[in-house]
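**Student:** The structure's right below; bear with me while I get my questions together.
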Amino acid sequence: MADTLFRTHPLAHRRAALAELSAAVGGLSVYPEDEVAAVDLRVGPVGPGGDALGRALGTALPAEPNTWTHTADGQLIWLGPDEWLLTSAGGDPAELERELGWVVSAFDGAAVDVSAQRTSLRLRGELARELLSLGCSLDLRPTAFPAGTCAQTHVGQTVVLLLALGADDFRLFVRQSFAGYLADWVLDTAEELRAAPCHPAALANLSEE
Amino acid sequence: MSRVHGYGRVETGRTLTFTFDGRTYTGHPGDTLASALLANGVHLVGSSVKLGRPHGISAAWTEDATALVQIERPFPEPMLQATTVELVDGLVARGLRGQGRLASLADPARYDRQHTHTDTLVIGAGPAGLLAALAAARAGEDVVLVDDRSCAGGALTGTEVVDGRPALEFVADVVEELARLGVRHLQRTTAFGQYDDGFVLALQRRTDHLGAAAPAHRGRQRVHRIRALKVVVATGAQERPIVFADNDRPGIMLAASARDYLHRYGVLAGREVVVFTSDDAAYAAALDLAGAGSEVTLLDVRDAPPREWAARAADAGVAVHASAVVTGTEGEQRVRAVLARTVDGGIRLPADLLLVSGGWNPVVHLFSHARGALAYDPELGSFRPTSSLPGVTAIGAANGTLDLAGVLRDGAGPDAPVAGPEPARTPTGIVWRTEGDPDRQFVDIQRDATVTDIGRAVGAGLRSVEHVKRYTTIGTAHDQGKTSGVLASGITAELLGARIEDLGTTTYRPPYTPVAFAALAGRSRGELFDPVRTTPLHEWHVAAGAVFEDVGQWKRPRYYPRPGEDMDTAVLRECAATRSGVGILDGSTLGKIDVQGPDAGVLLDRLYTNMMSTLKVGRVRYGVLCGNDGMVLDDGTVLRIDEHRYLLTTTTGGAATVLDWMEEWLQTEWPELRVHLTSVTEQWSVFPVVGPRSREVVGEVFADLDVGNDAFPFMAWRDTTLDGVPVRVARISFSGELAYEVNVCSWYAPALWTRLLAAGQRHGITPYGTETMHVLRAEKGYPIIGQDTDGTVSPQDLGMSWVVSKKKDDFVGKRSFSRPENHNPLRKQFVSLLPVDGRTRLPEGSQIVELCDDGLPEPPVPMLGHVTSSYHSAELARPFALALVKNGRARIGELVDVPVDGALVRALIGDTVLVDPEGARRDG
């Protein structure tokens with residue numbers, strides 16, 4: 001028996017196939033990202049609650065709908081008029097929830113640990129937008145969806161929280177239970193972008209690894 | 001062969017072999033099936049669906065009303081238009097009488113969709129569309145240009161002159177500049193529907209024309225979903241025929257189509273040609289065919305044929321008869337002669353091709369789809385856009401501009417390229433039909449619908465063209481009335497003595513051309529048909545050999561068969577192991593909602609039927625949610641986490657419904673409540689550890705947790721940690737057994753599951769699936785919302801009056817409980833049923849009837865209710881069922897009959913709790 005409770009990534013079983021895809025298709029890189037702490041924050045955007053939360057986070061809450069800002073070790077993402085998602089690469093989920101809950105509860109707000117609720121898939125490269133266009137109805141042209149914007153939308157048939165990190169760089173937060181579907185959708189859709197069909201044998205080798 | 005040297009753009013250097021109706025022919029890359037058939041002298045393609053009349057090829061593109069074919073190879077597809085099927089080597093097709101056949105095999109081709117956003121979308125790459133796209137691109141806009149044919153140029157034949165050079169050179173130059181400017185230019189792409197706000201759907205045929213060279217991993221067809229700030233409809237115009245007797249024979253086609261066959265494919269569709277027209281454009285067809293070697297006679301309806309054209313015709317040896325109309329034709333499998341009335345009386349003209357032109361119908365479909373208003377234009381004899389539609393413009397022939405100079409100006413404005421001189425257009429003669437037998441005058445050739453049919457509709461009192469359409473079926477075939485729609489309006493007006501202006505036209509609806517369901521489905525088929533949701537333990541379940549069950553979108557292990565076990569055996573084993581030792585379930589799919597804020601208790605009190613605000617921190621309460629109608633919506637447990645915080649669970653399938661339901665009340669009715677709802681369904685993984693030995697297993701894994709009854713009573717929860725990871729354990733039982741539900745952050749789910757299994761090994765811990773869960777709960781009479789209920793069942797019907805608060809002033813559903821119907825003693829109530837024979841498992845859904853000793857009486861047989869759940873019980877060593885039965889609780893102890901497979905199975909009505917009615921087991 002292990003001494004510490006190990007973590008399992010929801011996309012652990014798709015990692016190899018996604019790596020093969022990224023290697024096979026120039027201009028496309030897809031990989032599951034490391035898990036981060038995440039807290040869903042609810043508080044009135046204007047007034048003392050939002051200000052107090054901003055002070056606690058060291059950065060003002062993004063007020064513009066569908067935008068996100070950097071924090072010291074993560075992102076602060078606008079989800080709704082009174083809702084944000086805070087991510088933190090180094091934070092402890094329970095501690096974050098406790099600390100921020102203490103701040104917002106004074107203003108009738110709420111803080112909920114949702115670290116394992118979603119996982120994220122990174123999509124980069126000059127073909128990233130082309131791939132997304134095969135399953136996402138939003139206007140993702142850099143003029144309409146520049147770095148710093150985000151949207152809660154569908155890719156294929158699943159809901160994602162889509163973040164533009166750069167011109168050809170996207171992060172897709174997806175509900176953990178849908179992550180396998182999303183990865184399968186990416187693998188299937190990206191067939192289009194391959195120079196030649198992916199040989200079943202190649203995939204069979206992958207799954208044996 | 002009818003191929004003419006020096007004409008056409010097909011690749012004559014390469015030969016393709018194809019089979020039609022069992023005979024082998026050849027054609028060339030660039031051909032359509034129709035052009036290749038005509039090149040081989042084949043005019044007879046199929047027969048009409050109703051009357052079986054021989055049908056040929058009546059046009060050169062999507063307006064064709066007759067040449068429907070079944071493709072057999074490369075892959076079976078029914079009812080395609082021969083005029084739009086691009087020829088590939090090895091194509092096998094046959095003509096149809098109406099319907100074709102669907103493939104019995106799954107279509108191996110890929111289909112997908114793509115979303116595109118653009119500033120300007122131009123539909124149609126004829127001269128107007130090309131120039132409009134160029135102007136927008138030069139102005140720096142994002143431009144998408146789609147066109148349904150294989151190459152740009154629209155109706156240009158190549159004989160025209162633009163800016164002093166051949167028209168197709170001009171087209172090539174524009175296409176090249178568009179590419180340079182980054183325009184997304186898609187040929188073989190049919191815009192088939194326009195919707196609000198610049199949303200256009202288009203179908204791209206991507207690989208068929210490549211034949212065997214088509215890459216299998218690329219989509220065969222793609223549905224483009226295009227959103228544009230500006231849409232330019234440059235879809236051109238389609239020639240309108242004139243109706244006459246026997247106008248449906250092979251060898252009768254639109255005049256411009258014959259010209260298209262000549263210039264595009266190098267095919268001369270006939271040697272002995274009669275052209276019947278009321279419009280100038282047919283003169284160009286007559287002259288071109290004459291120039292290619294045909295004998296041509298032209299019959300012009302009009303008393304004054306266009307002077308310049310007539311002079312050219314005379315020079316070319318084309319005889320022109322003015323004031324002449326076709327009254328009939330001869331020839332079964334192909335037209336043999338044309339019967340006409342001229343000023344000199346009736347004549348009979350031998351012919352192997354009869355070309356018809358009654359003017360032009362602007363292709364207004366896409367403009368009309370988006371509710372653009374159309375009005376009759378008496379000069380055109382057709383309908384064209386009148387109003388402007390925000391963001392949508394129609395230009396060129398689609399807007400009724402028929403001369404090339406005008407079309408170029410429509411596309412490019414005052415700086416338009418200059419069109420070479422052509423005779424000025426003279427007015428079109430507006431003629432819908434000629435004299436003759438209306439029984440043989442076909443308005444919609446594909447539907448065998450005649451002038452007589454319209455007469456019958458009008459005679460039946462129909463006045464609206466919409467009604468006439470539905471009565472006669474005119475315009476409802478694969479071509480959606482491209483050639484017949486306006487004619488039907490005109491003829492209806494004539495028969496009614498009304499003005500076509502007042503009658504208008506039928507509504508144009510998407511799709512403009514047929515779209516295969518496979519294309520619309522895209523990649524959402526097979527494994528990706530619907531998203532599959534999995535828990536963090538999915539790979540473990542797979543490795544353990546679980547048989548999965550779909551619960552909503554979730555894949556849940558139904559049972560874990562051991563070698564040689566069927567479901568019944570496995571489930572009996574899992575049930576027995578759990579009731580006698582310890583079992584473990586992956587319950588992670590349960591919906592979970594975090595409810596936080598000072599008014600959290602108030603909200604829950606208003607939504608649940610029972611009181612939640614009195615729940616103490618550290619405790620758990622079962623609760624029921626009802627709709628406004630007082631019927632059970634969902635159920636679950638509520639944990640009070642602290643003063644202002646609750647965690648509630650929902651059924652697996654009800655999670656989204658419950659969250660939406662709560663948000664709706666909160667946002668629309670009680671926005672003043674200071675409470676926030678957050679879904680944490682996937683944050684927490686949940687493993688019920690169930691059975692008399694569960695205490696040992698949980699106690700061993702969580703050393704810091706006092707699992708004894710006094711410290712940790714039933715319906716309480718406790719937080720602990722394992723290796724520093726927070727874990728929440730709740731004493732909730734869905735089986736009646738001692739049980740601990742272990743909750744952990746999903747990151748650690750596989751690790752903790754493994755740890756619990758390891759600790760349980762010496763107790764024989766048995767993973768069990770949903771089937772065992774269902775049996776165990778059914779033995780205790782716990783309903784499953786959505787299985788034992790169907791939206792018409794109240795808590796009282798379920799025998800759960802105890803869960804309905806008498807103290808609360810109000811809650812959702814309360815008022816409905818006082819409805820007289822809710823107190824009707826004959827309402828169906830939740831009971832158990834024990835088959836008297838002790839052997840028969842009653843099928844779920846079985847109807848329940850009164851005892852009938854002499855077999856079922858004659859129908860109608862009054863139904864008492866139905867079986868909602870039914871299982872074999874390891875504990876009871878017999879099958880049992882749960883059921884909803886009228887007045888069921890008052891009938892406990894009575895016998896009923898259940899018809900099963902033609903026989904009656906006698907069953908005893910009982911209380912719902914069959915195992916451990918005293919509840920002695922829950923504390924171990």
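Each chain in the structure tokens gets a letter, A, B, ..., in the order shown, and its residues are numbered from 1; ligands are numbered from 1 in order too.
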Show me, as a PyMOL selection string, the residues of chain B whose atoms get within 8 Å of chain A, using only C-alpha atoms for the distance check.
**Tutor:** chain B and resi 112-117+215-219+523+528+530-536+594+596-598+674-676+678+680-684+722-723+725+745-752+755
**Student:** Quick one: residues within 12 Å of Asn399 (chain B), only C-alpha atoms, excluding same-chain residues fewer than 5 positions away - as a PyMOL selection string?
**Tutor:** chain B and resi 128-129+232-238+360-368+372+374-377+380+382-388+392-394+406-407+410-411
**Student:** Go ahead and save the picked residues with N, CA and C atoms, as a CSV table (one decimal), in the first residue's frame.
**Tutor:**
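Listing of again_30.csv after writing:
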chain,number,residue,atom,x,y,z
B,128,ALA,N,-21.3,38.3,-60.9
B,128,ALA,CA,-21.7,39.3,-59.9
B,128,ALA,C,-21.1,38.9,-58.6
B,129,GLY,N,-21.2,37.7,-58.2
B,129,GLY,CA,-20.6,37.2,-56.9
B,129,GLY,C,-19.1,37.4,-56.8
B,232,VAL,N,-24.2,38.4,-49.3
B,232,VAL,CA,-24.5,38.8,-50.7
B,232,VAL,C,-25.1,37.6,-51.4
B,233,VAL,N,-26.3,37.7,-51.8
B,233,VAL,CA,-27.0,36.6,-52.5
B,233,VAL,C,-26.8,36.8,-54.0
B,234,ALA,N,-25.9,36.0,-54.6
B,234,ALA,CA,-25.6,36.2,-56.0
B,234,ALA,C,-25.8,34.8,-56.7
B,235,THR,N,-27.0,34.3,-56.5
B,235,THR,CA,-27.3,32.9,-56.8
B,235,THR,C,-27.8,32.7,-58.2
B,236,GLY,N,-27.8,33.8,-59.0
B,236,GLY,CA,-28.2,33.7,-60.4
B,236,GLY,C,-29.7,33.5,-60.6
B,237,ALA,N,-30.0,33.0,-61.8
B,237,ALA,CA,-31.4,32.7,-62.2
B,237,ALA,C,-31.5,31.4,-62.8
B,238,GLN,N,-32.6,30.8,-62.7
B,238,GLN,CA,-32.9,29.5,-63.4
B,238,GLN,C,-33.9,29.7,-64.5
B,360,TRP,N,-36.9,33.8,-67.1
B,360,TRP,CA,-35.9,33.4,-66.0
B,360,TRP,C,-36.6,33.7,-64.6
B,361,ASN,N,-36.3,32.7,-63.7
B,361,ASN,CA,-36.7,32.9,-62.3
B,361,ASN,C,-35.4,33.2,-61.5
B,362,PRO,N,-35.3,34.4,-60.9
B,362,PRO,CA,-34.2,34.7,-60.0
B,362,PRO,C,-34.2,33.6,-58.9
B,363,VAL,N,-33.0,33.2,-58.6
B,363,VAL,CA,-32.9,32.2,-57.5
B,363,VAL,C,-33.0,32.9,-56.1
B,364,VAL,N,-34.3,33.1,-55.7
B,364,VAL,CA,-34.5,33.9,-54.5
B,364,VAL,C,-34.6,33.1,-53.3
B,365,HIS,N,-34.4,31.8,-53.4
B,365,HIS,CA,-34.6,30.9,-52.3
B,365,HIS,C,-33.9,31.4,-51.0
B,366,LEU,N,-32.6,31.7,-51.1
B,366,LEU,CA,-31.9,32.0,-49.9
B,366,LEU,C,-32.3,33.4,-49.3
B,367,PHE,N,-32.7,34.3,-50.2
B,367,PHE,CA,-33.2,35.6,-49.7
B,367,PHE,C,-34.5,35.4,-49.0
B,368,SER,N,-35.3,34.5,-49.6
B,368,SER,CA,-36.7,34.3,-49.0
B,368,SER,C,-36.6,33.5,-47.7
B,372,GLY,N,-36.9,37.5,-46.5
B,372,GLY,CA,-36.9,38.7,-47.4
B,372,GLY,C,-38.1,38.7,-48.3
B,374,LEU,N,-40.7,39.2,-51.3
B,374,LEU,CA,-40.6,39.0,-52.8
B,374,LEU,C,-41.8,39.7,-53.4
B,375,ALA,N,-41.7,40.1,-54.6
B,375,ALA,CA,-42.9,40.6,-55.3
B,375,ALA,C,-42.8,40.2,-56.8
B,376,TYR,N,-43.9,40.1,-57.4
B,376,TYR,CA,-44.0,39.7,-58.8
B,376,TYR,C,-43.5,40.9,-59.7
B,377,ASP,N,-42.6,40.6,-60.6
B,377,ASP,CA,-42.1,41.6,-61.5
B,377,ASP,C,-42.6,41.2,-62.9
B,380,LEU,N,-40.2,40.3,-65.7
B,380,LEU,CA,-39.5,39.0,-65.6
B,380,LEU,C,-40.5,37.9,-65.7
B,382,SER,N,-41.7,36.8,-63.0
B,382,SER,CA,-41.3,36.0,-61.9
B,382,SER,C,-41.2,36.9,-60.7
B,383,PHE,N,-40.8,36.3,-59.6
B,383,PHE,CA,-40.7,37.0,-58.3
B,383,PHE,C,-39.2,37.4,-58.0
B,384,ARG,N,-39.1,38.6,-57.5
B,384,ARG,CA,-37.7,39.0,-57.1
B,384,ARG,C,-37.8,39.8,-55.8
B,385,PRO,N,-36.6,39.9,-55.2
B,385,PRO,CA,-36.6,40.6,-53.9
B,385,PRO,C,-37.1,42.1,-54.1
B,386,THR,N,-37.9,42.5,-53.1
B,386,THR,CA,-38.3,43.9,-53.2
B,386,THR,C,-37.8,44.7,-52.0
B,387,SER,N,-37.9,44.1,-50.9
B,387,SER,CA,-37.4,44.8,-49.7
B,387,SER,C,-35.9,44.6,-49.5
B,388,SER,N,-35.3,45.4,-48.7
B,388,SER,CA,-34.0,45.1,-48.3
B,388,SER,C,-34.1,44.3,-47.0
B,392,VAL,N,-28.5,41.7,-45.8
B,392,VAL,CA,-28.6,40.8,-46.9
B,392,VAL,C,-28.9,41.6,-48.2
B,393,THR,N,-28.1,41.4,-49.2
B,393,THR,CA,-28.4,42.0,-50.5
B,393,THR,C,-28.4,40.9,-51.6
B,394,ALA,N,-29.3,41.1,-52.5
B,394,ALA,CA,-29.4,40.2,-53.7
B,394,ALA,C,-28.9,41.0,-54.9
B,406,GLY,N,-25.1,44.7,-66.8
B,406,GLY,CA,-25.8,45.0,-65.6
B,406,GLY,C,-25.4,44.1,-64.4
B,407,VAL,N,-25.1,42.8,-64.7
B,407,VAL,CA,-24.7,41.9,-63.7
B,407,VAL,C,-23.3,42.3,-63.2
B,410,ASP,N,-23.8,45.2,-61.0
B,410,ASP,CA,-24.3,44.8,-59.7
B,410,ASP,C,-23.2,44.4,-58.7
B,411,GLY,N,-22.2,43.7,-59.3
B,411,GLY,CA,-21.2,43.1,-58.5
B,411,GLY,C,-20.1,44.1,-58.1
**Student:** To one decimal place in Å, what is the distance between CA of Ala488 (chain B) and CA of Pro306 (chain B)?
**Tutor:**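 Separation of CA of Ala488 (chain B) and CA of Pro306 (chain B): 27.5 Å.
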**Student:** Run DSSP on the backbone of this structure and report the residues of region 217-414 of chain B it assigns to alpha helix (DSSP H), as a PyMOL selection string.
**Tutor:** chain B and resi 255-265+281-291+307-315+365-369+404-412
**Student:** Need to verify the contact set: Leu203 (chain B), 10 Å, only C-alpha atoms, exclusion of same-chain residues closer than 5 positions in sequence. Can you return it as a PDB file with C-alpha atoms, in the first residue's frame?
**Tutor:**
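So part-v3.pdb came out as:
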ATOM      1  CA  ARG B 113     -19.263  20.457 -39.762  1.00  0.00           C
ATOM      2  CA  VAL B 146     -19.252  29.728 -51.818  1.00  0.00           C
ATOM      3  CA  ASP B 148     -22.260  25.088 -55.785  1.00  0.00           C
ATOM      4  CA  ARG B 188     -18.777  22.504 -54.766  1.00  0.00           C
ATOM      5  CA  THR B 189     -20.393  24.209 -51.787  1.00  0.00           C
ATOM      6  CA  THR B 190     -24.137  24.750 -51.847  1.00  0.00           C
ATOM      7  CA  ALA B 191     -25.608  27.332 -49.506  1.00  0.00           C
ATOM      8  CA  PHE B 192     -28.815  25.515 -48.665  1.00  0.00           C
ATOM      9  CA  GLY B 193     -30.375  27.643 -45.971  1.00  0.00           C
ATOM     10  CA  GLN B 221     -19.056  16.231 -47.037  1.00  0.00           C
ATOM     11  CA  ARG B 222     -18.953  19.134 -44.662  1.00  0.00           C
ATOM     12  CA  VAL B 223     -21.763  21.296 -43.403  1.00  0.00           C
ATOM     13  CA  HIS B 224     -20.471  24.839 -43.069  1.00  0.00           C
ATOM     14  CA  ARG B 225     -22.234  26.940 -40.495  1.00  0.00           C
ATOM     15  CA  THR B 513     -31.027  21.217 -52.413  1.00  0.00           C
ATOM     16  CA  PRO B 514     -31.297  17.857 -50.639  1.00  0.00           C
ATOM     17  CA  VAL B 515     -28.874  17.303 -47.765  1.00  0.00           C
ATOM     18  CA  ALA B 516     -28.079  13.822 -46.485  1.00  0.00           C
ATOM     19  CA  ALA B 519     -23.969  15.186 -43.356  1.00  0.00           C
ATOM     20  CA  LEU B 520     -26.195  16.838 -40.769  1.00  0.00           C
TER      21      LEU B 520
END
**Student:** Residues near region 464-475 of chain B, anyone? I mean within 7 Å using only C-alpha atoms, not counting same-chain ones fewer than 2 positions away, as a list in words.
**Tutor:**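 Residues near the query, excluding close chain neighbours: Asp444, Arg447, Ala449, Asp453, Ile454, Ala457, Leu462, Ala477, Gln480, Gly481, Ser484, Gly485, Ser489, Leu503, Thr505 and Thr506 of chain B.
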**Student:** For Gly420 (chain B), list every protein, DNA or RNA residue within 7 Å, evaluated using only C-alpha atoms, and leave out those in the same chain fewer than 5 positions away; present the list as a PyMOL selection string.
**Tutor:** chain B and resi 160-162+164
**Student:** Could you check the closest approach to Val273 (chain B) for each of B:Arg731, B:Arg336, B:Arg573, B:Arg556 and tell me which residue wins, using only C-alpha atoms?
**Tutor:**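 Distance minimum relative to Val273 (chain B) lands on B:Arg336.
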**Student:** For Leu130 (chain B), which residue out of B:Ala546, B:Leu833, B:Ile395, B:Ala34 is the nearest one, using only C-alpha atoms?
**Tutor:**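 Ranked by minimum distance to Leu130 (chain B), first place goes to B:Ile395.
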**Student:** Would you list the contacts of Pro65 (chain A) as an mmCIF file with N, CA and C atoms, in the first residue's frame, taking every protein, DNA or RNA residue within 9 Å and counting only C-alpha atoms, but skipping same-chain residues closer than 2 positions in sequence?
**Tutor:**
data_model
loop_
_atom_site.group_PDB
_atom_site.id
_atom_site.type_symbol
_atom_site.label_atom_id
_atom_site.label_comp_id
_atom_site.auth_asym_id
_atom_site.auth_seq_id
_atom_site.Cartn_x
_atom_site.Cartn_y
_atom_site.Cartn_z
ATOM 1 N N PRO A 62 -11.850 40.681 -12.729
ATOM 2 C CA PRO A 62 -12.179 41.136 -14.087
ATOM 3 C C PRO A 62 -13.673 41.451 -14.165
ATOM 4 N N ALA A 63 -13.992 42.672 -14.531
ATOM 5 C CA ALA A 63 -15.385 43.094 -14.562
ATOM 6 C C ALA A 63 -15.985 42.913 -15.948
ATOM 7 N N THR A 67 -13.799 37.641 -19.722
ATOM 8 C CA THR A 67 -12.360 37.927 -19.729
ATOM 9 C C THR A 67 -11.727 37.246 -18.520
ATOM 10 N N TRP A 68 -10.412 37.149 -18.529
ATOM 11 C CA TRP A 68 -9.700 36.604 -17.384
ATOM 12 C C TRP A 68 -8.423 37.397 -17.172
ATOM 13 N N TRP A 78 -13.721 35.337 -15.355
ATOM 14 C CA TRP A 78 -15.115 35.804 -15.241
ATOM 15 C C TRP A 78 -16.041 34.702 -15.718
ATOM 16 N N LEU A 79 -16.977 34.292 -14.859
ATOM 17 C CA LEU A 79 -17.949 33.271 -15.264
ATOM 18 C C LEU A 79 -19.355 33.832 -15.377
ATOM 19 N N GLY A 80 -19.609 34.905 -14.635
ATOM 20 C CA GLY A 80 -20.947 35.485 -14.622
ATOM 21 C C GLY A 80 -20.878 36.804 -13.896
ATOM 22 N N PRO A 81 -21.995 37.544 -13.878
ATOM 23 C CA PRO A 81 -21.968 38.873 -13.270
ATOM 24 C C PRO A 81 -21.510 38.865 -11.809
ATOM 25 N N THR A 149 -9.454 36.646 -23.247
ATOM 26 C CA THR A 149 -10.900 36.433 -23.252
ATOM 27 C C THR A 149 -11.189 34.975 -22.936
ATOM 28 N N CYS A 150 -12.443 34.745 -22.597
ATOM 29 C CA CYS A 150 -12.876 33.381 -22.297
ATOM 30 C C CYS A 150 -14.349 33.274 -22.624
ATOM 31 N N ALA A 151 -14.820 32.054 -22.685
ATOM 32 C CA ALA A 151 -16.240 31.833 -22.966
ATOM 33 C C ALA A 151 -16.641 30.476 -22.431
#
**Student:** If you run DSSP on the backbone here, which positions in region 46-217 of chain B get strand (DSSP E)? Please write them as number ranges by chain.
**Tutor:** B: 46-47, 54-55, 68-73, 77-81, 92-95, 111-123, 143-146, 161-162, 165-166, 184-186, 189-195, 199-205
**Student:** Excluding Asp901 (chain B) and any residue of its chain fewer than 6 positions from it, enumerate the residues within 12 Å of it, using only C-alpha atoms, and give them as a PyMOL selection string.
**Tutor:** chain B and resi 840-843+846-847
**Student:** Keeping only N, CA, C and O atoms, take the residues you just selected and write them out as a PDB file, in the first residue's frame.
**Tutor:**
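What follows is the written file out_25.pdb:
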ATOM      1  N   THR B 840     -41.825 -16.632 -10.757  1.00  0.00           N
ATOM      2  CA  THR B 840     -41.890 -15.744 -11.922  1.00  0.00           C
ATOM      3  C   THR B 840     -41.411 -14.345 -11.568  1.00  0.00           C
ATOM      4  O   THR B 840     -41.893 -13.747 -10.602  1.00  0.00           O
ATOM      5  N   ARG B 841     -40.453 -13.857 -12.363  1.00  0.00           N
ATOM      6  CA  ARG B 841     -40.097 -12.447 -12.218  1.00  0.00           C
ATOM      7  C   ARG B 841     -40.982 -11.666 -13.174  1.00  0.00           C
ATOM      8  O   ARG B 841     -40.920 -11.837 -14.381  1.00  0.00           O
ATOM      9  N   LEU B 842     -41.837 -10.813 -12.602  1.00  0.00           N
ATOM     10  CA  LEU B 842     -42.775 -10.056 -13.428  1.00  0.00           C
ATOM     11  C   LEU B 842     -42.001  -9.042 -14.262  1.00  0.00           C
ATOM     12  O   LEU B 842     -41.183  -8.301 -13.723  1.00  0.00           O
ATOM     13  N   PRO B 843     -42.248  -8.993 -15.563  1.00  0.00           N
ATOM     14  CA  PRO B 843     -41.536  -7.983 -16.363  1.00  0.00           C
ATOM     15  C   PRO B 843     -41.928  -6.576 -15.913  1.00  0.00           C
ATOM     16  O   PRO B 843     -43.098  -6.301 -15.648  1.00  0.00           O
ATOM     17  N   SER B 846     -45.312  -4.457 -16.655  1.00  0.00           N
ATOM     18  CA  SER B 846     -46.502  -5.316 -16.778  1.00  0.00           C
ATOM     19  C   SER B 846     -47.727  -4.615 -16.190  1.00  0.00           C
ATOM     20  O   SER B 846     -47.636  -3.917 -15.178  1.00  0.00           O
ATOM     21  N   GLN B 847     -48.867  -4.847 -16.828  1.00  0.00           N
ATOM     22  CA  GLN B 847     -50.118  -4.299 -16.320  1.00  0.00           C
ATOM     23  C   GLN B 847     -50.668  -5.222 -15.228  1.00  0.00           C
ATOM     24  O   GLN B 847     -50.400  -6.426 -15.216  1.00  0.00           O
TER      25      GLN B 847
END
**Student:** What is the distance between CA of Phe20 (chain B) and CA of Ala155 (chain B), in Å to one decimal?
**Tutor:** 28.2 Å
**Student:** For a test of reading the model, state the distance in Å between CA of Glu126 (chain A) and CA of Leu28 (chain A), rounded to one decimal.
**Tutor:** 6.6 Å
